[in-house]
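Visitor: I am attaching a structure below and will ask some questions about it afterwards.
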Amino acid sequence: MPKMMWVGLGGAVGAMCRYVVSGLATRLAGATVFPAGTVTVNLLGCFLIGLLGSLIETRQLVSSPMRLLFMTGFLGGFTTFSTYGYESFGLLRTGEIPAMVMNIGIHTLAGLLTVWAGYALARLF
């Protein structure tokens, strides 16, 4: 199968998973101004890219097509940093400065921590 097909297939599945996970997280958090669904998807995506990246890098567990499927395709379709920027800008535009600062802070700090956690977890195997 051509490389672009692996990326496209993974991206389609990742986007559908993003839709489901984001909607679930938004409902669980309740209707607020804060974009809980986007934060949840991005943190989970950061964790997964740390975990998979470490496993691929240190153990070479998957072939090149599977790396394209999962890392580039699925996680590319799953994570939503463009949405993060748009929502942060929207919060700024509407004067929701505390929510904007919280959104940026959580994505940045917790994102780095969850990449580290995924990487550290993979090292245990």
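Lettering and numbering for the structure tokens are positional, with chains as A, B, ... in the shown order, residues counted from 1 in each chain, and ligands counted from 1 in the shown order.
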Residues near region 97-110 of chain A, anyone? I mean within 7 Å using only C-alpha atoms, not counting same-chain ones fewer than 3 positions away, as a ChimeraX atom specification.

Guide: /A:34,39,43,88,91-92,113-114

Visitor: Hey, can you spit out that residue selection with N, CA and C atoms as a compact mmCIF listing (two decimals), in the first residue's frame?

Guide:
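That gives us out.txt:
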```
# COMPACT_ATOMS: atom_id res chain seq x y z
N PHE A 34 -14.37 26.77 29.17
CA PHE A 34 -13.07 26.11 29.00
C PHE A 34 -13.18 24.92 28.04
N VAL A 39 -8.41 19.93 25.34
CA VAL A 39 -7.32 19.66 26.28
C VAL A 39 -7.15 18.16 26.47
N LEU A 43 -3.75 16.16 25.48
CA LEU A 43 -2.93 15.49 26.49
C LEU A 43 -2.82 14.00 26.22
N SER A 88 -7.98 29.30 21.84
CA SER A 88 -7.28 30.26 22.70
C SER A 88 -7.50 31.68 22.19
N LEU A 91 -11.00 32.79 23.04
CA LEU A 91 -11.11 33.21 24.44
C LEU A 91 -10.54 34.61 24.63
N LEU A 92 -9.43 34.90 23.97
CA LEU A 92 -8.83 36.24 24.03
C LEU A 92 -9.79 37.27 23.44
N LEU A 113 4.61 17.12 30.31
CA LEU A 113 4.61 16.08 31.35
C LEU A 113 4.03 14.76 30.85
N THR A 114 2.99 14.82 30.04
CA THR A 114 2.40 13.57 29.57
C THR A 114 3.26 12.91 28.48
```

Visitor: From the DSSP assignment of the backbone, select every residue of region 17-95 of chain A that is alpha helix (DSSP H), and format the answer as a PyMOL selection string.

Guide: chain A and resi 17-29+36-59+64-67+75-78+81-93

Visitor: Based on the selection just made, write C-alpha atoms of those residues as an mmCIF file, in the first residue's frame.

Guide:
```cif
data_model
loop_
_atom_site.group_PDB
_atom_site.id
_atom_site.type_symbol
_atom_site.label_atom_id
_atom_site.label_comp_id
_atom_site.auth_asym_id
_atom_site.auth_seq_id
_atom_site.Cartn_x
_atom_site.Cartn_y
_atom_site.Cartn_z
ATOM 1 C CA CYS A 17 -11.522 9.130 17.629
ATOM 2 C CA ARG A 18 -10.849 12.831 18.305
ATOM 3 C CA TYR A 19 -14.517 13.601 17.684
ATOM 4 C CA VAL A 20 -15.671 10.886 20.108
ATOM 5 C CA VAL A 21 -13.109 11.551 22.875
ATOM 6 C CA SER A 22 -13.519 15.334 22.687
ATOM 7 C CA GLY A 23 -17.303 15.088 22.852
ATOM 8 C CA LEU A 24 -17.158 12.695 25.784
ATOM 9 C CA ALA A 25 -14.724 14.894 27.715
ATOM 10 C CA THR A 26 -16.806 18.005 27.036
ATOM 11 C CA ARG A 27 -19.950 16.289 28.328
ATOM 12 C CA LEU A 28 -18.161 14.936 31.406
ATOM 13 C CA ALA A 29 -16.742 18.388 32.214
ATOM 14 C CA ALA A 36 -12.014 20.520 28.097
ATOM 15 C CA GLY A 37 -12.492 18.270 25.075
ATOM 16 C CA THR A 38 -9.554 19.776 23.204
ATOM 17 C CA VAL A 39 -7.315 19.661 26.283
ATOM 18 C CA THR A 40 -8.209 16.002 26.877
ATOM 19 C CA VAL A 41 -7.472 15.015 23.280
ATOM 20 C CA ASN A 42 -4.191 16.935 23.201
ATOM 21 C CA LEU A 43 -2.931 15.494 26.495
ATOM 22 C CA LEU A 44 -3.876 11.969 25.471
ATOM 23 C CA GLY A 45 -2.219 12.552 22.097
ATOM 24 C CA CYS A 46 0.942 13.836 23.813
ATOM 25 C CA PHE A 47 1.018 10.760 26.047
ATOM 26 C CA LEU A 48 0.494 8.396 23.116
ATOM 27 C CA ILE A 49 3.162 10.035 20.957
ATOM 28 C CA GLY A 50 5.624 9.773 23.861
ATOM 29 C CA LEU A 51 4.744 6.129 24.441
ATOM 30 C CA LEU A 52 4.762 5.086 20.768
ATOM 31 C CA GLY A 53 7.779 7.236 19.934
ATOM 32 C CA SER A 54 9.812 5.615 22.676
ATOM 33 C CA LEU A 55 8.724 2.099 21.752
ATOM 34 C CA ILE A 56 9.519 2.687 18.084
ATOM 35 C CA GLU A 57 12.821 4.425 18.814
ATOM 36 C CA THR A 58 14.169 2.006 21.422
ATOM 37 C CA ARG A 59 12.610 -1.288 20.405
ATOM 38 C CA SER A 64 7.807 1.906 8.570
ATOM 39 C CA PRO A 65 4.219 1.644 7.212
ATOM 40 C CA MET A 66 2.865 1.083 10.733
ATOM 41 C CA ARG A 67 4.829 4.090 11.986
ATOM 42 C CA LEU A 75 -1.978 10.926 15.988
ATOM 43 C CA GLY A 76 -1.934 13.639 13.316
ATOM 44 C CA GLY A 77 -5.684 13.210 12.902
ATOM 45 C CA PHE A 78 -6.280 12.789 16.627
ATOM 46 C CA PHE A 81 -3.299 21.923 18.176
ATOM 47 C CA SER A 82 -4.784 24.014 15.399
ATOM 48 C CA THR A 83 -8.063 23.908 17.295
ATOM 49 C CA TYR A 84 -6.139 24.805 20.467
ATOM 50 C CA GLY A 85 -4.814 27.979 18.824
ATOM 51 C CA TYR A 86 -8.210 28.902 17.446
ATOM 52 C CA GLU A 87 -9.968 28.341 20.787
ATOM 53 C CA SER A 88 -7.284 30.263 22.701
ATOM 54 C CA PHE A 89 -7.657 33.161 20.285
ATOM 55 C CA GLY A 90 -11.441 32.979 20.647
ATOM 56 C CA LEU A 91 -11.113 33.206 24.439
ATOM 57 C CA LEU A 92 -8.834 36.237 24.029
ATOM 58 C CA ARG A 93 -11.237 37.848 21.564
#
```

Visitor: Which of these residues is nearest to Met5 (chain A), using only C-alpha atoms: A:Leu69, A:Thr80, A:Phe74, A:Leu112?

Guide: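 The closest residue to Met5 (chain A) is A:Leu69.
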
Visitor: Separation of CA of Phe125 (chain A) and CA of Thr72 (chain A), in Å?

Guide: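 These two atoms are separated by 23.2 Å.
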